[in-house]
$ cat run-v4.cif   # mmCIF, C-alpha atoms
data_final
loop_
_atom_site.label_atom_id
_atom_site.label_comp_id
_atom_site.auth_asym_id
_atom_site.auth_seq_id
_atom_site.Cartn_x
_atom_site.Cartn_y
_atom_site.Cartn_z
CA MET L 177 -17.07 20.40 24.66
CA ASN L 178 -14.30 19.18 22.39
CA SER L 179 -15.24 17.53 19.11
CA ARG L 180 -14.81 13.78 18.92
CA LEU L 181 -13.45 11.33 16.40
CA ILE L 182 -14.90 7.82 16.20
CA ALA L 183 -12.68 4.73 16.29
CA ASN L 184 -14.36 1.49 15.26
CA TYR L 185 -12.92 -1.69 16.76
CA ARG L 186 -13.64 -5.38 16.29
CA VAL L 187 -13.42 -6.98 19.75
CA ARG L 188 -13.55 -10.65 20.70
CA ALA L 189 -15.29 -11.16 24.06
CA GLU L 190 -17.96 -13.07 25.92
CA ALA L 191 -21.38 -11.45 25.62
CA ASN L 192 -21.59 -10.86 29.35
CA ALA L 193 -18.22 -9.11 29.36
CA ILE L 194 -18.34 -6.92 26.24
CA GLU L 195 -19.64 -3.78 27.96
CA GLU L 196 -16.80 -3.87 30.46
CA ARG L 197 -14.29 -4.60 27.70
CA ALA L 198 -15.61 -1.66 25.68
CA ARG L 199 -15.34 0.72 28.64
CA GLY L 200 -11.82 -0.52 29.29
CA LEU L 201 -10.92 0.06 25.64
CA ALA L 202 -12.27 3.62 25.78
CA VAL L 203 -10.18 4.37 28.86
CA GLU L 204 -7.05 2.66 27.50
CA GLN L 205 -7.17 4.68 24.30
CA SER L 206 -7.74 8.00 26.05
CA VAL L 207 -6.33 8.48 29.56
CA GLU L 208 -4.78 5.05 30.32
CA MET L 209 -5.48 5.18 34.05
CA PRO L 210 -8.36 4.57 36.46
CA VAL L 211 -10.98 7.23 35.83
CA SER L 212 -11.67 7.29 39.59
CA ALA L 213 -8.15 8.65 40.11
CA ILE L 214 -8.69 11.66 37.84
CA ARG L 215 -9.37 14.80 39.89
CA GLU L 216 -10.09 17.31 37.12
CA ALA L 217 -13.74 17.27 36.06
CA ALA L 218 -12.90 18.74 32.63
CA ILE L 219 -10.68 15.77 31.79
CA ILE L 220 -13.44 13.33 32.73
CA GLU L 221 -15.97 15.26 30.67
CA GLU L 222 -13.86 16.14 27.64
CA ILE L 223 -10.91 13.74 27.36
CA VAL L 224 -11.96 10.32 28.66
CA GLY L 225 -13.13 8.10 25.79
CA GLU L 226 -16.81 7.27 25.51
CA VAL L 227 -18.37 4.04 24.25
CA ALA L 228 -20.71 5.13 21.45
CA ARG L 229 -21.92 1.77 20.10
CA ILE L 230 -21.70 -1.98 20.70
CA GLU L 231 -23.00 -4.39 18.07
CA ASP L 232 -22.87 -8.18 18.17
CA ARG L 233 -21.39 -9.59 14.96
CA GLY L 234 -21.65 -13.22 16.03
CA ASP L 235 -19.05 -15.90 16.74
CA GLY L 236 -17.85 -13.98 19.81
CA TRP L 237 -16.96 -10.77 17.91
CA PHE L 238 -18.43 -7.32 18.53
CA ASP L 239 -18.19 -3.96 16.80
CA VAL L 240 -17.31 -1.27 19.33
CA ASP L 241 -17.31 2.44 18.51
CA VAL L 242 -15.32 4.67 20.85
CA ALA L 243 -15.52 8.47 20.74
CA LEU L 244 -12.14 10.07 21.41
CA ALA L 245 -11.39 13.75 21.97
CA SER L 246 -9.99 15.51 18.89
CA ALA L 247 -7.93 17.68 21.23
CA THR L 248 -5.73 14.66 22.00
CA ILE L 249 -4.51 14.49 18.39
CA GLY L 250 -2.96 17.91 17.88
CA GLY L 251 -3.02 17.55 14.08
CA ASP L 252 -0.19 15.00 14.00
CA ALA L 253 -0.58 11.75 12.04
CA GLY L 254 1.59 9.72 14.38
CA GLN L 255 -0.42 10.85 17.38
CA LEU L 256 -3.64 10.05 15.53
CA LEU L 257 -2.45 6.47 15.02
CA ASN L 258 -1.35 6.33 18.65
CA MET L 259 -4.73 7.48 19.94
CA LEU L 260 -6.62 5.17 17.59
CA TYR L 261 -4.71 2.01 18.38
CA GLY L 262 -1.53 2.55 20.39
CA ASN L 263 -1.83 0.42 23.52
CA SER L 264 -4.77 -1.61 22.26
CA SER L 265 -2.67 -2.98 19.40
CA LEU L 266 -0.90 -5.02 22.10
CA GLN L 267 -4.11 -6.92 22.79
CA GLU L 268 -4.60 -9.85 20.42
CA ASP L 269 -8.40 -9.74 20.49
CA ILE L 270 -8.83 -6.13 19.33
CA VAL L 271 -8.75 -4.99 15.68
CA LEU L 272 -8.90 -1.38 14.49
CA ALA L 273 -11.55 -1.73 11.79
CA ASP L 274 -12.00 1.90 10.74
CA PHE L 275 -12.30 5.46 11.99
CA SER L 276 -13.87 8.78 11.08
CA LEU L 277 -12.82 12.31 11.91
CA PRO L 278 -14.94 15.42 12.54
CA TYR L 279 -14.69 18.21 10.01
CA ASP L 280 -12.38 20.38 12.10
CA LEU L 281 -9.81 17.60 12.35
CA LEU L 282 -10.13 16.70 8.67
CA ALA L 283 -9.32 20.31 7.85
CA ARG L 284 -6.15 20.21 9.99
CA PHE L 285 -4.85 17.18 8.11
CA GLY L 286 -5.78 18.46 4.68
CA GLY L 287 -5.34 15.18 2.79
CA PRO L 288 -3.76 14.89 -0.68
CA ARG L 289 -2.30 17.93 -2.39
CA GLN L 290 -2.71 16.55 -5.93
CA GLY L 291 -5.25 13.76 -5.70
CA LEU L 292 -7.07 12.18 -8.62
CA ARG L 293 -7.24 15.43 -10.56
CA GLY L 294 -3.51 16.09 -10.27
CA LEU L 295 -2.57 12.58 -11.34
CA ARG L 296 -4.98 12.74 -14.28
CA ARG L 297 -3.46 16.05 -15.31
CA ARG L 298 0.03 14.52 -15.31
CA ALA L 299 -1.15 11.60 -17.40
CA GLY L 300 -3.20 13.74 -19.78
CA ALA L 301 -6.17 11.42 -19.16
CA ASP L 302 -9.52 12.97 -18.30
CA ARG L 303 -11.69 9.88 -18.03
CA ARG L 304 -9.92 6.56 -18.50
CA ALA L 305 -8.18 4.59 -15.80
CA LEU L 306 -4.46 5.23 -15.32
CA THR L 307 -1.62 2.76 -15.78
CA CYS L 308 1.58 2.05 -13.88
CA SER L 309 4.39 -0.47 -13.82
CA ALA L 310 7.32 -1.17 -11.50
CA LEU L 311 11.09 -1.42 -11.88
CA LYS L 312 12.39 -4.78 -10.63
CA PRO L 313 14.30 -6.73 -9.42
CA GLN L 314 16.63 -5.52 -6.71
CA GLY L 315 20.26 -5.92 -7.63
CA LEU L 316 20.09 -4.18 -11.01
CA SER L 317 22.27 -1.15 -11.60
CA ALA L 318 20.84 2.33 -12.11
CA ARG L 319 21.62 2.00 -15.80
CA SER L 320 19.80 -1.33 -16.14
CA LEU L 321 16.77 0.00 -14.29
CA SER L 322 16.70 3.08 -16.52
CA GLU L 323 16.69 0.80 -19.57
CA LEU L 324 13.62 -0.98 -18.22
CA ALA L 325 12.03 2.40 -17.48
CA PHE L 326 12.66 3.45 -21.08
CA GLU L 327 10.89 0.34 -22.43
CA PHE L 328 7.91 0.85 -20.13
CA ALA L 329 7.68 4.49 -21.21
CA ARG L 330 8.00 3.54 -24.86
CA GLY L 331 5.08 1.19 -24.32
CA GLY L 332 2.92 4.06 -23.11
CA VAL L 333 2.15 3.59 -19.40
CA ASP L 334 1.37 6.72 -17.41
CA PHE L 335 3.66 6.01 -14.44
CA VAL L 336 6.74 3.91 -13.79
CA LYS L 337 7.63 3.50 -10.14
CA ASP L 338 10.55 1.99 -8.30
CA ASP L 339 9.95 -1.33 -6.62
CA HIS L 340 9.53 -0.62 -2.92
CA GLY L 341 12.74 -2.57 -2.22
CA LEU L 342 14.81 -0.08 -4.19
CA ALA L 343 16.33 2.37 -1.74
CA ASP L 344 19.83 3.83 -1.68
CA GLN L 345 21.83 0.63 -2.18
CA ASP L 346 25.39 0.66 -3.47
CA TYR L 347 24.40 -1.13 -6.68
CA SER L 348 21.80 1.52 -7.50
CA PRO L 349 22.18 4.73 -5.46
CA PHE L 350 19.24 7.12 -5.51
CA ASP L 351 21.41 9.95 -6.85
CA GLU L 352 22.27 7.80 -9.87
CA ARG L 353 18.98 5.98 -10.36
CA ALA L 354 16.59 8.95 -10.27
CA PRO L 355 18.47 11.07 -12.85
CA ALA L 356 19.05 8.03 -15.09
CA CYS L 357 15.37 7.10 -15.09
CA ALA L 358 14.34 10.73 -15.61
CA ARG L 359 16.57 10.87 -18.68
CA ALA L 360 15.00 7.63 -19.90
CA MET L 361 11.55 9.22 -19.60
CA ARG L 362 12.65 12.22 -21.64
CA ARG L 363 14.26 10.01 -24.29
CA ALA L 364 11.07 7.96 -24.63
CA GLU L 365 8.99 11.13 -24.88
CA GLU L 366 11.07 12.26 -27.85
CA ILE L 367 10.04 9.04 -29.60
CA THR L 368 6.41 8.68 -28.55
CA GLY L 369 5.36 12.29 -28.09
CA ARG L 370 3.79 11.49 -24.71
CA ARG L 371 5.24 11.68 -21.25
CA THR L 372 5.52 8.87 -18.72
CA HIS L 373 6.15 9.93 -15.14
CA TYR L 374 8.78 8.19 -13.07
CA ALA L 375 8.19 7.79 -9.32
CA PRO L 376 11.40 7.06 -7.38
CA SER L 377 11.16 5.38 -3.99
CA LEU L 378 12.12 7.56 -1.01
CA SER L 379 14.14 6.03 1.82
CA GLY L 380 16.04 6.98 4.96
CA HIS L 381 15.07 9.63 7.50
CA PHE L 382 13.10 12.81 6.85
CA GLY L 383 16.15 14.90 5.92
CA GLN L 384 17.34 12.29 3.43
CA MET L 385 13.88 12.00 1.88
CA GLN L 386 13.54 15.76 1.52
CA ARG L 387 16.94 15.88 -0.19
CA GLN L 388 15.85 13.05 -2.49
CA ILE L 389 12.73 15.03 -3.41
CA GLU L 390 14.92 18.03 -4.24
CA THR L 391 17.11 15.82 -6.44
CA ALA L 392 14.00 14.45 -8.14
CA ARG L 393 12.49 17.90 -8.67
CA ALA L 394 15.71 19.13 -10.28
CA GLU L 395 15.29 16.31 -12.83
CA GLY L 396 11.72 17.31 -13.62
CA ILE L 397 10.24 14.49 -11.53
CA SER L 398 6.91 15.38 -9.92
CA VAL L 399 5.85 12.00 -8.47
CA VAL L 400 7.55 10.00 -5.70
CA MET L 401 6.74 6.89 -3.70
CA ILE L 402 6.93 6.42 0.06
CA ALA L 403 6.18 3.54 2.42
CA PRO L 404 4.36 5.29 5.30
CA MET L 405 4.59 2.39 7.74
CA ILE L 406 8.38 2.26 7.27
CA ALA L 407 9.01 6.02 7.08
CA GLY L 408 6.28 6.95 9.57
CA VAL L 409 2.91 8.49 8.83
CA SER L 410 4.08 11.81 10.27
CA THR L 411 6.91 11.81 7.74
CA LEU L 412 4.46 11.42 4.86
CA GLN L 413 2.32 14.15 6.35
CA ALA L 414 5.26 16.55 6.70
CA LEU L 415 6.71 15.81 3.25
CA SER L 416 3.34 16.27 1.58
CA HIS L 417 2.81 19.62 3.31
CA ALA L 418 6.34 20.78 2.47
CA ASN L 419 6.13 19.73 -1.19
CA PRO L 420 2.64 20.53 -2.49
CA ASP L 421 3.84 20.32 -6.11
CA ILE L 422 4.83 16.66 -5.69
CA ALA L 423 2.40 13.73 -5.92
CA PHE L 424 2.92 10.91 -3.42
CA PHE L 425 2.25 7.24 -4.04
CA ALA L 426 1.91 5.32 -0.75
CA HIS L 427 3.19 1.74 -0.69
CA PRO L 428 1.56 -0.75 1.74
CA THR L 429 4.66 -2.61 2.91
CA MET L 430 4.40 -3.42 6.66
CA ALA L 431 0.72 -2.43 6.65
CA GLY L 432 -0.15 -6.02 7.48
CA ALA L 433 2.03 -6.15 10.59
CA ALA L 434 -0.73 -5.06 12.99
CA ARG L 435 -4.40 -5.83 13.39
CA ILE L 436 -5.53 -2.77 11.47
CA SER L 437 -7.96 -3.15 8.59
CA PRO L 438 -6.78 -2.21 5.08
CA ALA L 439 -9.56 0.38 4.84
CA ALA L 440 -8.30 2.10 8.00
CA TYR L 441 -4.76 2.20 6.60
CA ALA L 442 -6.06 3.63 3.33
CA ARG L 443 -7.98 6.34 5.17
CA LEU L 444 -4.91 7.19 7.27
CA PHE L 445 -2.59 7.39 4.24
CA ARG L 446 -5.07 9.64 2.45
CA LEU L 447 -5.32 11.97 5.45
CA CYS L 448 -1.53 12.21 5.55
CA GLY L 449 -1.31 13.32 1.93
CA ALA L 450 -1.08 10.20 -0.23
CA ASP L 451 -2.36 11.04 -3.72
CA ALA L 452 -2.47 7.36 -4.67
CA VAL L 453 -2.43 4.27 -2.44
CA ILE L 454 -1.06 0.97 -3.71
CA PHE L 455 -2.64 -2.17 -2.24
CA PRO L 456 -2.92 -5.91 -2.96
CA ASN L 457 -5.74 -6.70 -5.36
CA TYR L 458 -8.08 -9.60 -4.75
CA GLY L 459 -7.22 -12.78 -6.61
CA GLY L 460 -3.49 -11.99 -6.72
CA ARG L 461 -0.66 -13.33 -4.63
CA PHE L 462 -2.03 -11.75 -1.44
CA GLY L 463 -5.16 -12.62 0.49
CA TYR L 464 -7.38 -9.55 0.17
CA SER L 465 -11.03 -10.30 -0.62
CA PRO L 466 -13.21 -8.34 -3.06
CA ALA L 467 -15.10 -6.90 -0.06
CA THR L 468 -11.83 -5.68 1.51
CA CYS L 469 -10.72 -4.09 -1.76
CA ARG L 470 -14.09 -2.41 -2.21
CA ALA L 471 -13.96 -0.95 1.31
CA LEU L 472 -10.38 0.22 0.80
CA ALA L 473 -11.18 1.94 -2.49
CA GLY L 474 -14.23 3.53 -0.86
CA ALA L 475 -12.11 4.97 1.95
CA LEU L 476 -9.86 6.63 -0.64
CA ARG L 477 -12.71 8.07 -2.70
CA GLU L 478 -15.17 9.03 0.01
CA GLY L 479 -16.32 12.61 -0.47
CA ARG L 480 -16.33 14.12 3.00
CA GLY L 481 -14.79 17.14 4.65
CA GLY L 482 -13.56 18.76 1.44
CA ILE L 483 -10.30 16.79 1.17
CA LEU L 484 -9.21 15.57 -2.24
CA THR L 485 -9.79 12.05 -3.46
CA SER L 486 -6.88 9.62 -3.42
CA VAL L 487 -6.55 7.10 -6.23
CA PRO L 488 -6.72 3.36 -5.49
CA ALA L 489 -3.87 1.47 -7.18
CA PRO L 490 -4.55 -2.29 -7.03
CA ALA L 491 -1.45 -4.42 -7.59
CA GLY L 492 0.17 -7.72 -6.65
CA GLY L 493 -0.03 -10.53 -9.18
CA MET L 494 -1.98 -8.52 -11.76
CA THR L 495 -2.11 -9.86 -15.31
CA LEU L 496 -3.17 -8.49 -18.68
CA ALA L 497 -5.96 -11.05 -18.92
CA ARG L 498 -7.61 -9.59 -15.82
CA VAL L 499 -7.58 -5.94 -16.95
CA PRO L 500 -11.26 -5.85 -18.05
CA GLU L 501 -12.42 -7.55 -14.84
CA ILE L 502 -10.40 -5.22 -12.61
CA LEU L 503 -11.54 -2.10 -14.47
CA ASP L 504 -15.18 -3.14 -14.17
CA PHE L 505 -14.68 -3.73 -10.43
CA TYR L 506 -12.94 -0.43 -9.59
CA GLY L 507 -14.13 1.90 -12.34
CA PRO L 508 -12.12 4.52 -14.21
CA ASP L 509 -10.85 6.50 -11.20
CA THR L 510 -8.15 3.92 -10.62
CA ILE L 511 -4.48 3.23 -11.36
CA LEU L 512 -3.83 -0.31 -12.56
CA LEU L 513 -0.35 -1.46 -11.58
CA ILE L 514 1.16 -4.42 -13.44
CA GLY L 515 4.84 -5.18 -12.86
CA GLY L 516 6.05 -8.76 -12.91
CA ALA L 517 3.61 -9.92 -15.59
CA LEU L 518 5.08 -7.37 -18.00
CA LEU L 519 8.67 -8.00 -16.96
CA ALA L 520 8.15 -11.69 -17.73
CA ALA L 521 8.20 -10.77 -21.41
CA GLU L 522 11.46 -10.96 -23.32
CA LYS L 523 13.37 -7.69 -23.13
CA ASP L 524 12.83 -7.03 -26.83
CA ASN L 525 9.09 -7.44 -26.30
CA LEU L 526 8.72 -5.40 -23.10
CA ALA L 527 7.61 -2.21 -24.86
CA ALA L 528 5.12 -4.13 -27.01
CA GLU L 529 3.68 -5.98 -24.00
CA THR L 530 3.42 -2.68 -22.11
CA ALA L 531 1.64 -1.15 -25.10
CA ARG L 532 -0.90 -4.01 -24.97
CA PHE L 533 -1.54 -3.12 -21.34
CA ALA L 534 -1.95 0.60 -22.08
CA ARG L 535 -4.32 -0.12 -24.99
CA ALA L 536 -6.43 -2.53 -22.94
CA VAL L 537 -6.98 0.19 -20.35
CA ALA L 538 -7.52 3.02 -22.83
CA GLU L 539 -10.01 1.06 -24.94
CA HIS L 540 -12.05 -0.45 -22.11
CA ASP L 541 -15.77 0.29 -22.44
CA PHE L 542 -17.16 1.04 -18.99
CA GLY L 543 -20.59 1.48 -20.50
CA ALA L 544 -20.64 -2.24 -21.30
CA ARG L 545 -20.92 -3.24 -17.65
CA GLY L 546 -24.01 -5.32 -17.03
#

$ encode --input "run-v4.cif" --output "structure tokens"
Amino acid sequence: MNSRLIANYRVRAEANAIEERARGLAVEQSVEMPVSAIREAAIIEEIVGEVARIEDRGDGWFDVDVALASATIGGDAGQLLNMLYGNSSLQEDIVLADFSLPYDLLARFGGPRQGLRGLRRRAGADRRALTCSALKPQGLSARSLSELAFEFARGGVDFVKDDHGLADQDYSPFDERAPACARAMRRAEEITGRRTHYAPSLSGHFGQMQRQIETARAEGISVVMIAPMIAGVSTLQALSHANPDIAFFAHPTMAGAARISPAAYARLFRLCGADAVIFPNYGGRFGYSPATCRALAGALREGRGGILTSVPAPAGGMTLARVPEILDFYGPDTILLIGGALLAAEKDNLAAETARFARAVAEHDFGARG
């Protein structure tokens, strides 16, 4: 008997129809045809999805667990997403809430290559939370962005990443921007004595992204950012496997375009090799709740199957005033990402404002939590 993964769905249905809906969901996500038309007994026994649980959540919504054959995945991230939610994503009353994989399938994916430990090693920070900021806005030249990167680095953050909208535009080509920002990091290090890591944003198809990684590596860059829902989860998986010395930040753009829970996305990105996962923090300019953020962070840190921990990186409308609150909520195994709130400072004050951010994180007393 093949091992099974469990997909958890939220389904809207009448109480007298939920069992039939659940069976239909299990078939749709496995063989996508009438089971009565299948002639091979082994397929019916080993491949057809099985309803493992139905739980009434009230207000016409039910939790439905479906057991799917691991053999249908083949170790590919894109196929995993397809089997979890492919056709059912076209039905407006079904949400992919979460999923779990058996140990054999977890081992095939492997998860992050660097994880929390690798990012801490880069930052030289054994216990405190990590810090990050973002280069914005679009439209700036590579030189102007490198000047901002220099100020952030002079202020002492651990990581400076491209805004996810920075790609390979004419006003700031990757082959100019990445080397310029890498030089800025080295120049700041000569002044401060500590290194800030720059994470350029990858764009284009797989071949272009791999070439961009090679350009970055030649400049001493060991962290990059990718948007898995734009590039494809299989692309993240392949790039992570091909470049085990590189840490990958996953950006959530387009992750809200389907009815998939943030925790499920986080788990998927981690499986595919994301060492850190950026996501909208509660109370910012996006609508995530504290419960959603807690579940998302838990999916990244869950210790199961021997894969490394990914680092949650809450962002989106973060401010310096909220640093203590956010640190108490997530704990030290976190990357705090503040971009716009720092960039709102006058250019001459950007390094000083960044230094305030870095100090607030470094000096936070986690033992003071009540």

$ atom_distance --input "run-v4.cif" --atom1 "CA of Arg293 in chain L" --atom2 "CA of Leu257 in chain L"
27.5 Å

$ resolve_selection --input "run-v4.cif" --expression "the PyMOL selection byres ((chain L and resi 232) around 10)" --output "tab-separated table (two decimals) with C-alpha atoms, keeping the file's coordinate frame"
chain	number	residue	atom	x	y	z
L	186	ARG	CA	-13.64	-5.38	16.29
L	187	VAL	CA	-13.42	-6.98	19.75
L	188	ARG	CA	-13.55	-10.65	20.70
L	191	ALA	CA	-21.38	-11.45	25.62
L	194	ILE	CA	-18.34	-6.92	26.24
L	230	ILE	CA	-21.70	-1.98	20.70
L	231	GLU	CA	-23.00	-4.39	18.07
L	233	ARG	CA	-21.39	-9.59	14.96
L	234	GLY	CA	-21.65	-13.22	16.03
L	235	ASP	CA	-19.05	-15.90	16.74
L	236	GLY	CA	-17.85	-13.98	19.81
L	237	TRP	CA	-16.96	-10.77	17.91
L	238	PHE	CA	-18.43	-7.32	18.53
L	239	ASP	CA	-18.19	-3.96	16.80
L	240	VAL	CA	-17.31	-1.27	19.33

$ resolve_selection --input "run-v4.cif" --expression "the PyMOL selection byres ((chain L and resi 372-378) around 8)" --output "MDAnalysis selection string"
chainID L and resid 298:299 325 329 332:340 342:343 354 357:358 361 365 370:371 379:380 385 388:389 392 397:403 425

$ closest_residue --input "run-v4.cif" --among "L:Ala213, L:Leu513, L:Leu244, L:Ala527" --to "Ala364 in chain L" --atoms "only C-alpha atoms"
L:Ala527

$ resolve_selection --input "run-v4.cif" --expression "the PyMOL selection byres ((chain L and resi 223) around 10)" --output "ChimeraX atom specification"
/L:177-178,180,203,206-207,217-222,224-226,243-248

$ residues_around --input "run-v4.cif" --residues "Thr468 in chain L" --least-positions-apart "2" --cutoff "9 Å" --atoms "only C-alpha atoms" --output "JSON, numbers by chain"
{"L": [437, 438, 439, 458, 464, 465, 466, 470, 471, 472, 473]}

$ closest_atom_pairs --input "run-v4.cif" --of "range 237-310 of chain L" --to "range 475-492 of chain L" --cutoff "6 Å" --atoms "only C-alpha atoms" --output "Markdown table"
| residue | atom | partner | partner_atom | distance |
| --- | --- | --- | --- | --- |
| L:Tyr279 | CA | L:Gly481 | CA | 5.5 |
| L:Gly286 | CA | L:Ile483 | CA | 6.0 |
| L:Gly287 | CA | L:Ile483 | CA | 5.5 |
| L:Pro288 | CA | L:Leu484 | CA | 5.7 |
| L:Gly291 | CA | L:Ser486 | CA | 5.0 |
| L:Leu292 | CA | L:Val487 | CA | 5.6 |

$ closest_residue --input "run-v4.cif" --among "L:Ala253, L:Cys308, L:Leu260, L:Leu321" --to "Ile514 in chain L" --atoms "all atoms listed in the file"
L:Cys308

$ closest_residue --input "run-v4.cif" --among "L:Ala189, L:His427, L:Gln413, L:Thr510" --to "Gln255 in chain L" --atoms "all atoms listed in the file"
L:Gln413

$ build_atoms --input "run-v4.cif" --residues "range 422-438 of chain L" --atoms "N, CA and C atoms" --output "mmCIF file, keeping the file's coordinate frame"
data_model
loop_
_atom_site.group_PDB
_atom_site.id
_atom_site.type_symbol
_atom_site.label_atom_id
_atom_site.label_comp_id
_atom_site.auth_asym_id
_atom_site.auth_seq_id
_atom_site.Cartn_x
_atom_site.Cartn_y
_atom_site.Cartn_z
ATOM 1 N N ILE L 422 4.449 18.054 -5.463
ATOM 2 C CA ILE L 422 4.830 16.660 -5.690
ATOM 3 C C ILE L 422 3.653 15.751 -5.349
ATOM 4 N N ALA L 423 3.420 14.751 -6.198
ATOM 5 C CA ALA L 423 2.400 13.730 -5.920
ATOM 6 C C ALA L 423 3.067 12.550 -5.211
ATOM 7 N N PHE L 424 2.374 11.998 -4.230
ATOM 8 C CA PHE L 424 2.920 10.910 -3.420
ATOM 9 C C PHE L 424 2.113 9.630 -3.635
ATOM 10 N N PHE L 425 2.819 8.575 -4.042
ATOM 11 C CA PHE L 425 2.250 7.240 -4.040
ATOM 12 C C PHE L 425 2.619 6.602 -2.699
ATOM 13 N N ALA L 426 1.645 6.009 -2.011
ATOM 14 C CA ALA L 426 1.910 5.320 -0.750
ATOM 15 C C ALA L 426 1.953 3.819 -0.988
ATOM 16 N N HIS L 427 3.037 3.185 -0.532
ATOM 17 C CA HIS L 427 3.190 1.740 -0.690
ATOM 18 C C HIS L 427 2.768 1.046 0.607
ATOM 19 N N PRO L 428 2.126 -0.137 0.527
ATOM 20 C CA PRO L 428 1.560 -0.750 1.740
ATOM 21 C C PRO L 428 2.505 -1.642 2.529
ATOM 22 N N THR L 429 3.778 -1.713 2.184
ATOM 23 C CA THR L 429 4.660 -2.610 2.910
ATOM 24 C C THR L 429 4.599 -2.360 4.424
ATOM 25 N N MET L 430 4.545 -3.416 5.194
ATOM 26 C CA MET L 430 4.400 -3.420 6.660
ATOM 27 C C MET L 430 2.999 -3.046 7.128
ATOM 28 N N ALA L 431 2.072 -2.777 6.220
ATOM 29 C CA ALA L 431 0.720 -2.430 6.650
ATOM 30 C C ALA L 431 -0.051 -3.646 7.133
ATOM 31 N N GLY L 432 0.506 -4.829 6.962
ATOM 32 C CA GLY L 432 -0.150 -6.020 7.480
ATOM 33 C C GLY L 432 0.448 -6.507 8.780
ATOM 34 N N ALA L 433 1.301 -5.705 9.397
ATOM 35 C CA ALA L 433 2.030 -6.150 10.590
ATOM 36 C C ALA L 433 1.233 -5.961 11.879
ATOM 37 N N ALA L 434 0.116 -5.262 11.810
ATOM 38 C CA ALA L 434 -0.730 -5.060 12.990
ATOM 39 C C ALA L 434 -2.161 -5.375 12.623
ATOM 40 N N ARG L 435 -2.991 -5.521 13.639
ATOM 41 C CA ARG L 435 -4.400 -5.830 13.390
ATOM 42 C C ARG L 435 -5.170 -4.535 13.110
ATOM 43 N N ILE L 436 -4.850 -3.966 11.950
ATOM 44 C CA ILE L 436 -5.530 -2.770 11.470
ATOM 45 C C ILE L 436 -6.094 -3.099 10.100
ATOM 46 N N SER L 437 -7.339 -2.785 9.859
ATOM 47 C CA SER L 437 -7.960 -3.150 8.590
ATOM 48 C C SER L 437 -7.327 -2.359 7.441
ATOM 49 N N PRO L 438 -7.293 -2.938 6.243
ATOM 50 C CA PRO L 438 -6.780 -2.210 5.080
ATOM 51 C C PRO L 438 -7.509 -0.900 4.822
#
